[in-house]
>>> print(open('run-v3.cif').read())   # mmCIF, C-alpha atoms and all ligand atoms
data_query
loop_
_atom_site.label_atom_id
_atom_site.label_comp_id
_atom_site.auth_asym_id
_atom_site.auth_seq_id
_atom_site.Cartn_x
_atom_site.Cartn_y
_atom_site.Cartn_z
CA MET A 1 7.22 26.11 36.97
CA THR A 2 4.14 24.01 36.27
CA ILE A 3 4.69 20.32 35.77
CA ARG A 4 3.18 19.42 32.44
CA TYR A 5 4.07 15.73 32.30
CA ARG A 6 3.27 13.02 34.76
CA ALA A 7 3.22 9.25 34.23
CA HIS A 8 1.66 6.41 36.20
CA ALA A 9 2.74 2.86 35.47
CA TYR A 10 0.46 -0.13 36.00
CA THR A 11 2.55 -2.56 34.02
CA ASP A 12 6.30 -3.07 33.65
CA GLU A 13 8.75 -5.25 31.76
CA VAL A 14 8.52 -8.11 34.27
CA GLU A 15 4.73 -8.19 34.20
CA LYS A 16 4.67 -7.82 30.43
CA ARG A 17 6.98 -10.81 30.03
CA ARG A 18 4.91 -12.94 32.41
CA THR A 19 1.74 -12.05 30.52
CA LEU A 20 3.35 -12.78 27.14
CA GLU A 21 4.61 -16.17 28.30
CA ALA A 22 1.19 -17.14 29.64
CA ASP A 23 -0.54 -15.86 26.46
CA VAL A 24 1.85 -17.76 24.16
CA ARG A 25 1.55 -20.97 26.17
CA ARG A 26 -2.23 -20.80 26.28
CA GLY A 27 -2.57 -19.80 22.61
CA LEU A 28 -0.26 -22.43 21.16
CA THR A 29 -1.61 -25.31 23.26
CA SER A 30 -5.26 -24.51 22.46
CA THR A 31 -7.38 -25.74 19.57
CA PRO A 32 -7.30 -23.90 17.26
CA LYS A 33 -3.83 -22.49 17.93
CA SER A 34 -3.68 -18.74 18.20
CA LEU A 35 -1.50 -15.78 19.17
CA PRO A 36 -2.88 -12.43 20.43
CA PRO A 37 -2.45 -9.70 17.79
CA LYS A 38 -1.03 -7.25 20.33
CA TYR A 39 2.28 -9.13 19.97
CA PHE A 40 2.72 -8.01 16.37
CA TYR A 41 4.06 -4.68 17.54
CA ASP A 42 7.73 -4.91 18.42
CA ALA A 43 9.98 -2.33 16.71
CA THR A 44 9.93 -4.26 13.41
CA GLY A 45 6.19 -4.92 13.60
CA SER A 46 5.41 -1.28 14.36
CA LYS A 47 7.47 -0.22 11.35
CA LEU A 48 5.69 -2.80 9.17
CA PHE A 49 2.31 -1.59 10.39
CA GLN A 50 3.35 1.97 9.55
CA ASP A 51 4.19 0.70 6.02
CA ILE A 52 0.77 -1.00 5.84
CA THR A 53 -0.98 2.29 6.58
CA GLU A 54 0.64 3.75 3.46
CA LEU A 55 -0.33 0.90 1.11
CA PRO A 56 -2.77 1.73 -1.70
CA GLU A 57 -4.98 -1.20 -0.61
CA TYR A 58 -5.09 -0.20 3.06
CA TYR A 59 -7.76 2.51 3.03
CA LEU A 60 -8.39 2.50 6.80
CA THR A 61 -5.82 4.95 8.15
CA ARG A 62 -6.09 7.56 5.44
CA THR A 63 -9.88 7.48 5.50
CA GLU A 64 -10.03 7.84 9.27
CA THR A 65 -7.46 10.64 9.32
CA ALA A 66 -9.43 12.59 6.69
CA LEU A 67 -12.66 12.09 8.66
CA LEU A 68 -11.01 13.23 11.86
CA GLU A 69 -9.62 16.34 10.20
CA GLU A 70 -13.04 17.20 8.83
CA LEU A 71 -14.75 16.62 12.14
CA ALA A 72 -12.19 18.24 14.44
CA PRO A 73 -13.27 21.92 14.35
CA ASP A 74 -16.94 21.22 15.17
CA LEU A 75 -16.10 18.52 17.67
CA MET A 76 -13.61 20.65 19.58
CA ARG A 77 -15.86 23.72 19.53
CA GLU A 78 -19.11 22.00 20.50
CA LEU A 79 -17.67 19.51 22.93
CA ALA A 80 -14.86 21.73 24.23
CA PRO A 81 -13.29 18.82 26.14
CA ARG A 82 -11.04 19.60 29.12
CA ASP A 83 -9.93 16.00 29.40
CA ILE A 84 -8.95 13.78 26.48
CA VAL A 85 -8.32 10.11 27.24
CA GLU A 86 -6.91 7.92 24.46
CA LEU A 87 -6.84 4.12 24.50
CA GLY A 88 -3.80 2.64 22.75
CA ALA A 89 -2.48 6.11 22.03
CA GLY A 90 0.82 5.04 20.43
CA ALA A 91 2.54 7.99 18.77
CA ALA A 92 -0.68 10.05 19.00
CA VAL A 93 -0.42 11.14 15.36
CA LYS A 94 -4.19 11.34 14.82
CA THR A 95 -4.73 13.08 18.16
CA ARG A 96 -2.92 16.05 16.66
CA ARG A 97 -5.75 16.46 14.14
CA LEU A 98 -8.01 17.23 17.11
CA LEU A 99 -5.54 19.37 19.03
CA ASP A 100 -4.77 21.44 15.93
CA ALA A 101 -8.41 22.48 15.90
CA ARG A 102 -7.93 23.77 19.45
CA ASN A 103 -4.95 26.07 18.94
CA GLY A 104 -5.70 29.68 19.83
CA VAL A 105 -8.22 28.77 22.52
CA ARG A 106 -7.17 29.69 26.09
CA GLN A 107 -8.69 26.77 27.98
CA ALA A 108 -6.11 24.19 29.11
CA ILE A 109 -6.54 20.56 28.13
CA ARG A 110 -5.35 17.49 29.97
CA TYR A 111 -4.36 14.61 27.70
CA VAL A 112 -4.39 11.11 29.22
CA PRO A 113 -2.76 8.64 26.81
CA ILE A 114 -2.93 4.95 27.72
CA ASP A 115 -0.36 2.65 26.22
CA VAL A 116 1.80 -0.29 27.34
CA ASP A 117 4.92 1.14 25.74
CA GLU A 118 6.50 3.72 28.02
CA VAL A 119 9.13 4.79 25.49
CA THR A 120 6.54 5.49 22.81
CA ILE A 121 4.28 7.34 25.22
CA GLU A 122 7.09 9.52 26.55
CA ALA A 123 8.29 10.44 23.08
CA ALA A 124 4.75 11.26 22.00
CA ALA A 125 4.18 13.39 25.11
CA THR A 126 7.40 15.33 24.63
CA GLY A 127 6.43 16.13 21.05
CA LEU A 128 2.90 17.17 22.00
CA LEU A 129 4.00 19.36 24.93
CA GLY A 130 6.41 21.20 22.66
CA ASP A 131 3.75 21.87 20.04
CA TYR A 132 0.68 22.59 22.18
CA ARG A 133 1.22 25.09 24.98
CA PHE A 134 -2.31 24.60 26.36
CA LEU A 135 -1.72 20.91 27.02
CA HIS A 136 -0.61 18.89 29.99
CA VAL A 137 -0.15 15.15 29.90
CA GLU A 138 -1.01 12.57 32.52
CA ALA A 139 0.25 9.34 30.93
CA VAL A 140 -1.06 5.96 31.99
CA ILE A 141 1.36 3.15 31.15
CA ALA A 142 -1.05 0.26 31.10
CA ASP A 143 -2.91 -2.34 29.08
CA PHE A 144 -6.29 -0.84 28.17
CA GLU A 145 -7.90 -4.28 28.39
CA ARG A 146 -6.79 -4.77 31.98
CA HIS A 147 -6.14 -1.46 33.72
CA LEU A 148 -8.81 1.04 32.69
CA ARG A 149 -10.00 1.43 36.28
CA HIS A 150 -6.71 3.25 36.97
CA VAL A 151 -7.52 6.13 34.64
CA PRO A 152 -7.65 9.23 36.84
CA ALA A 153 -11.05 10.86 37.48
CA PRO A 154 -12.00 13.51 34.92
CA ILE A 155 -11.06 17.13 35.61
CA GLY A 156 -13.85 18.40 33.37
CA ARG A 157 -15.78 17.49 30.29
CA ARG A 158 -14.24 14.33 28.93
CA LEU A 159 -13.65 12.87 25.48
CA VAL A 160 -12.44 9.26 25.25
CA LEU A 161 -10.75 8.28 21.96
CA PHE A 162 -10.37 4.76 20.61
CA LEU A 163 -9.17 5.20 17.05
CA GLY A 164 -7.73 3.14 14.22
CA SER A 165 -10.31 0.34 14.27
CA THR A 166 -8.35 -1.19 17.15
CA ILE A 167 -11.70 -2.20 18.66
CA GLY A 168 -11.98 -4.54 15.65
CA ASN A 169 -9.30 -6.77 17.18
CA LEU A 170 -11.52 -7.62 20.13
CA ASP A 171 -13.92 -10.56 20.04
CA PRO A 172 -17.48 -9.79 21.15
CA PRO A 173 -17.00 -10.72 24.85
CA ALA A 174 -13.76 -8.70 25.18
CA ARG A 175 -15.39 -5.83 23.32
CA ARG A 176 -18.37 -5.83 25.72
CA ARG A 177 -16.03 -5.82 28.71
CA LEU A 178 -14.00 -2.94 27.31
CA LEU A 179 -17.01 -0.82 26.33
CA THR A 180 -18.52 -1.29 29.78
CA GLU A 181 -15.30 0.07 31.27
CA VAL A 182 -15.28 2.94 28.80
CA ARG A 183 -18.83 3.76 29.89
CA ALA A 184 -17.57 3.99 33.48
CA LEU A 185 -14.99 6.58 32.33
CA LEU A 186 -17.83 8.90 31.26
CA PRO A 187 -19.62 10.10 34.43
CA GLY A 188 -20.86 13.39 32.93
CA LYS A 189 -23.85 13.79 30.62
CA ALA A 190 -21.76 15.86 28.21
CA ASP A 191 -18.89 13.33 28.13
CA ARG A 192 -18.32 11.54 24.83
CA PHE A 193 -16.62 8.49 23.31
CA LEU A 194 -15.21 8.66 19.78
CA VAL A 195 -14.44 5.30 18.20
CA GLY A 196 -13.04 4.45 14.75
CA LEU A 197 -14.83 1.53 13.06
CA ASP A 198 -14.07 -0.18 9.77
CA LEU A 199 -17.27 -0.89 7.86
CA ILE A 200 -18.64 -3.95 6.08
CA LYS A 201 -18.06 -3.54 2.35
CA ASP A 202 -17.19 -5.38 -0.87
CA VAL A 203 -15.26 -8.54 0.04
CA ASN A 204 -12.58 -7.84 -2.57
CA VAL A 205 -11.84 -4.44 -1.08
CA LEU A 206 -11.66 -5.92 2.43
CA GLU A 207 -9.45 -8.84 1.47
CA ALA A 208 -7.04 -6.72 -0.58
CA ALA A 209 -6.48 -4.48 2.46
CA TYR A 210 -5.20 -7.54 4.40
CA ASP A 211 -3.36 -9.27 1.54
CA ASP A 212 -1.61 -6.50 -0.35
CA ALA A 213 0.15 -7.05 -3.66
CA SER A 214 3.57 -6.03 -2.31
CA GLY A 215 3.48 -8.54 0.57
CA VAL A 216 3.91 -6.12 3.47
CA THR A 217 0.99 -7.65 5.38
CA ARG A 218 2.53 -11.11 4.89
CA GLU A 219 5.76 -9.85 6.49
CA PHE A 220 3.75 -8.21 9.28
CA ASN A 221 1.90 -11.47 9.98
CA ARG A 222 5.10 -13.56 9.97
CA ASN A 223 6.82 -11.08 12.27
CA ILE A 224 4.75 -12.32 15.21
CA LEU A 225 6.77 -15.56 14.97
CA ALA A 226 10.02 -13.61 15.19
CA VAL A 227 8.64 -11.92 18.31
CA VAL A 228 7.83 -15.32 19.86
CA ASN A 229 11.27 -16.65 18.86
CA ARG A 230 12.98 -13.82 20.69
CA GLU A 231 10.73 -13.69 23.75
CA VAL A 232 10.52 -17.39 24.59
CA ASP A 233 13.62 -18.66 22.78
CA ALA A 234 11.64 -20.55 20.12
CA ASP A 235 12.69 -21.83 16.69
CA PHE A 236 9.87 -20.87 14.34
CA GLN A 237 10.98 -20.43 10.73
CA PRO A 238 8.79 -17.49 9.75
CA THR A 239 9.29 -18.00 6.00
CA ALA A 240 7.91 -21.56 6.26
CA PHE A 241 4.48 -20.05 6.96
CA ASN A 242 1.99 -18.76 4.41
CA HIS A 243 0.00 -15.63 5.06
CA VAL A 244 -3.71 -16.46 4.81
CA ALA A 245 -6.26 -13.64 5.11
CA PHE A 246 -9.95 -13.89 4.25
CA TYR A 247 -13.29 -12.34 5.10
CA ASN A 248 -15.53 -14.50 7.28
CA GLU A 249 -18.90 -13.10 6.34
CA ALA A 250 -20.93 -14.92 9.02
CA ALA A 251 -18.74 -13.37 11.73
CA SER A 252 -18.19 -10.00 9.95
CA ARG A 253 -14.46 -10.24 10.32
CA ILE A 254 -11.20 -10.55 8.44
CA GLU A 255 -9.22 -13.48 9.80
CA MET A 256 -5.46 -13.78 9.49
CA HIS A 257 -3.70 -17.11 9.87
CA LEU A 258 -0.18 -18.50 9.51
CA VAL A 259 -0.30 -21.84 7.70
CA PRO A 260 2.78 -24.02 7.04
CA ASP A 261 3.06 -26.10 3.83
CA ALA A 262 4.15 -29.12 5.86
CA ALA A 263 3.92 -30.32 9.45
CA GLN A 264 6.76 -29.21 11.70
CA ASP A 265 7.81 -29.27 15.35
CA VAL A 266 8.58 -26.04 17.09
CA HIS A 267 10.48 -25.79 20.37
CA LEU A 268 9.59 -23.06 22.83
CA ARG A 269 12.60 -23.54 25.06
CA ARG A 270 11.81 -20.92 27.69
CA LEU A 271 8.42 -22.54 28.20
CA GLY A 272 9.76 -26.12 28.13
CA LEU A 273 7.24 -26.81 25.38
CA THR A 274 7.32 -28.51 21.97
CA ILE A 275 4.35 -28.12 19.65
CA ARG A 276 3.47 -29.61 16.28
CA ILE A 277 2.09 -27.28 13.65
CA SER A 278 0.58 -28.60 10.43
CA PRO A 279 -1.45 -27.31 7.47
CA ASP A 280 -4.68 -28.21 9.25
CA ASP A 281 -3.52 -27.21 12.72
CA SER A 282 -2.15 -23.75 11.96
CA ILE A 283 -1.94 -20.46 13.89
CA TRP A 284 -4.73 -17.90 14.02
CA THR A 285 -3.13 -14.49 14.54
CA GLU A 286 -5.79 -11.83 14.13
CA ASN A 287 -9.47 -10.98 13.82
CA CYS A 288 -10.45 -7.60 12.42
CA TYR A 289 -14.18 -7.09 12.91
CA LYS A 290 -16.18 -4.98 10.49
CA PHE A 291 -19.31 -3.05 11.45
CA SER A 292 -22.47 -1.47 10.14
CA ARG A 293 -24.27 1.47 11.69
CA GLY A 294 -26.78 -0.98 13.14
CA SER A 295 -24.22 -3.36 14.63
CA ALA A 296 -22.28 -0.41 16.07
CA GLN A 297 -25.41 1.01 17.62
CA SER A 298 -26.35 -2.24 19.34
CA MET A 299 -22.81 -2.92 20.56
CA LEU A 300 -22.73 0.55 22.12
CA ALA A 301 -26.23 0.18 23.58
CA GLU A 302 -25.25 -3.05 25.32
CA ALA A 303 -22.63 -1.07 27.24
CA GLY A 304 -24.95 1.78 28.18
CA LEU A 305 -23.83 4.06 25.37
CA ARG A 306 -26.03 5.85 22.87
CA LEU A 307 -24.93 6.61 19.32
CA ASP A 308 -24.88 10.39 19.13
CA ALA A 309 -23.33 11.00 15.71
CA TRP A 310 -22.12 8.85 12.83
CA HIS A 311 -19.52 10.22 10.42
CA THR A 312 -18.50 8.34 7.28
CA ASP A 313 -16.63 9.01 4.05
CA PRO A 314 -18.52 9.15 0.71
CA ASP A 315 -17.63 5.49 -0.06
CA ASN A 316 -18.89 4.35 3.35
CA TYR A 317 -15.59 2.62 4.03
CA PHE A 318 -14.95 3.80 7.59
CA ALA A 319 -16.87 5.47 10.38
CA LEU A 320 -16.15 7.66 13.35
CA ALA A 321 -18.91 6.97 15.83
CA LEU A 322 -19.55 9.47 18.59
CA ALA A 323 -21.30 7.98 21.60
CA ALA A 324 -22.79 9.48 24.74
CA PRO A 325 -23.82 7.97 28.07
CA ALA A 326 -27.28 6.49 27.48
C1 LIG B 401 -4.31 -2.00 13.93
C2 LIG B 401 -6.03 -3.57 14.32
C3 LIG B 401 -6.49 -1.61 13.09
O1 LIG B 401 -7.18 -4.48 11.86
O2 LIG B 401 -6.59 -3.29 10.19
C4 LIG B 401 -3.48 -4.31 9.55
C5 LIG B 401 -4.07 -4.28 12.07
N1 LIG B 401 -3.58 -6.19 10.56
N2 LIG B 401 -3.21 -5.28 8.67
C6 LIG B 401 -6.38 -3.73 11.30
C7 LIG B 401 -3.73 -4.89 10.75
C8 LIG B 401 -3.26 -6.41 9.28
C9 LIG B 401 -5.14 -3.25 12.04
N3 LIG B 401 -5.48 -2.64 13.35
#
>>> encode(input="run-v3.cif", output="structure tokens")
Amino acid sequence: MTIRYRAHAYTDEVEKRRTLEADVRRGLTSTPKSLPPKYFYDATGSKLFQDITELPEYYLTRTETALLEELAPDLMRELAPRDIVELGAGAAVKTRRLLDARNGVRQAIRYVPIDVDEVTIEAAATGLLGDYRFLHVEAVIADFERHLRHVPAPIGRRLVLFLGSTIGNLDPPARRRLLTEVRALLPGKADRFLVGLDLIKDVNVLEAAYDDASGVTREFNRNILAVVNREVDADFQPTAFNHVAFYNEAASRIEMHLVPDAAQDVHLRRLGLTIRISPDDSIWTENCYKFSRGSAQSMLAEAGLRLDAWHTDPDNYFALALAAPA
């Protein structure tokens, strides 16, 4: 019997906890105070994000999925990747849009999902292996910002996926670091990188997507405080914080903040730390950068990548950028 699933772990619960504690301490003792957006996604946060993707105001997921579906047949035929690496794979729902376009072809494909959550990755792999007989999975349980060098060498033509506008969470220096590592994952001339980018557009459309009428994004934002409460035994009162989301045009990004109505002390018992949070010393929880074709092109070029194809919807809301080694 051929083994179709293998996993390599470069992070574990102990290391994840150490990293979270250091991140929370650094973030909440800095000016301005901040928390890294990756901590939104505990079970509750992942469910809330799933709800966000179905909101009428949140155009990102449905636009990207439609683009991917449209693009998949040509991409899979012309590129014919043997090796698909996905950063922050999660449940790999969108990956299926690509694999569906590959059914009926004999050639085997190796799928290399990278994600910190072993349970999610295993469940996704089991589902995929059941549905796609041509697939085998080499999972990498790791943080894509820290462990990309551990991705196994390609076994053939490679396609690296970074979907969902996740790249938008990274500030320019972190983005440059990551893209440089992605470039190193593409040794072959025919290798490609497919990245989902949310585009600069009408401010009202952007802001509505991050401050929906039904308040799901507010709950999502506040949930990061519940995560911190649980992980470091803190006493944040999530409902005492307002959800503030706005477009910062100079920086081309949506910013999300948690702002209390009144000053309050918060105890982070596991860290032996007490902090004071006030309306003008609040918590910055997320940046979501927005791009243009030009800004995407220069960000890719800086990392040694050349924009090979640019796919957008008719409204120009979202783009799938295909990049090649320069
Ligand atoms: C998962 C980073 C793509 O930036 O739109 C959604 C997260 N935050 N609503 C985004 C998010 C608030 C999302 N990404």
>>> closest_residue(input="run-v3.cif", among="A:Ala174, A:Ala296, A:Ile167, A:Leu179", to="ligand LIG 401 (chain B)", atoms="only C-alpha atoms and all ligand atoms")
A:Ile167
>>> closest_residue(input="run-v3.cif", among="A:Ala251, A:Ala153, A:Leu163, A:Leu35", to="Leu67 in chain A", atoms="all atoms listed in the file")
A:Leu163
>>> residues_around(input="run-v3.cif", residues="Glu21 in chain A", least_positions_apart="6", cutoff="10 Å", atoms="all atoms listed in the file", output="ChimeraX atom specification")
/A:15,27,228,231-232,270-271
>>> write_last_selection(input="run-v3.cif", atoms="C-alpha atoms", output="mmCIF file, keeping the file's coordinate frame")
data_model
loop_
_atom_site.group_PDB
_atom_site.id
_atom_site.type_symbol
_atom_site.label_atom_id
_atom_site.label_comp_id
_atom_site.auth_asym_id
_atom_site.auth_seq_id
_atom_site.Cartn_x
_atom_site.Cartn_y
_atom_site.Cartn_z
ATOM 1 C CA GLU A 15 4.730 -8.190 34.200
ATOM 2 C CA GLY A 27 -2.570 -19.800 22.610
ATOM 3 C CA VAL A 228 7.830 -15.320 19.860
ATOM 4 C CA GLU A 231 10.730 -13.690 23.750
ATOM 5 C CA VAL A 232 10.520 -17.390 24.590
ATOM 6 C CA ARG A 270 11.810 -20.920 27.690
ATOM 7 C CA LEU A 271 8.420 -22.540 28.200
#
>>> residues_near_ligand(input="run-v3.cif", ligand="ligand LIG 401 (chain B)", cutoff="8 Å", atoms="all atoms listed in the file", output="PyMOL selection string")
chain A and resi 37+49+52-53+58+60+164-169+209-210+217+220-221+256+286-289
>>> closest_atom_pairs(input="run-v3.cif", of="range 12-131 of chain A", to="range 307-314 of chain A", cutoff="10 Å", atoms="all atoms listed in the file", output="tab-separated table")
residue	atom	partner	partner_atom	distance
A:Thr63	CA	A:Asp313	CA	7.1
A:Glu64	CA	A:Asp313	CA	8.5
A:Ala66	CA	A:Asp313	CA	8.5
A:Leu67	CA	A:Asp313	CA	6.8
A:Leu68	CA	A:His311	CA	9.1
A:Glu70	CA	A:His311	CA	9.7
A:Leu71	CA	A:His311	CA	8.2
>>> atom_distance(input="run-v3.cif", atom1="CA of Ile109 in chain A", atom2="CA of Gly90 in chain A")
18.8 Å
>>> closest_residue(input="run-v3.cif", among="A:Asp212, A:Asp42, A:Glu302, A:Asp315", to="Ile224 in chain A", atoms="all atoms listed in the file")
A:Asp42
>>> residues_around(input="run-v3.cif", residues="range 185-191 of chain A", least_positions_apart="6", cutoff="7 Å", atoms="all atoms listed in the file", output="list in words")
Arg157, Arg158, Leu159, Ala324 and Pro325 of chain A
>>> write_last_selection(input="run-v3.cif", atoms="C-alpha atoms", output="mmCIF file, in the frame of the given file")
data_model
loop_
_atom_site.group_PDB
_atom_site.id
_atom_site.type_symbol
_atom_site.label_atom_id
_atom_site.label_comp_id
_atom_site.auth_asym_id
_atom_site.auth_seq_id
_atom_site.Cartn_x
_atom_site.Cartn_y
_atom_site.Cartn_z
ATOM 1 C CA ARG A 157 -15.780 17.490 30.290
ATOM 2 C CA ARG A 158 -14.240 14.330 28.930
ATOM 3 C CA LEU A 159 -13.650 12.870 25.480
ATOM 4 C CA ALA A 324 -22.790 9.480 24.740
ATOM 5 C CA PRO A 325 -23.820 7.970 28.070
#
>>> closest_residue(input="run-v3.cif", among="A:Arg6, A:Arg77, A:Lys94, A:His147", to="Gly196 in chain A", atoms="all atoms listed in the file")
A:Lys94
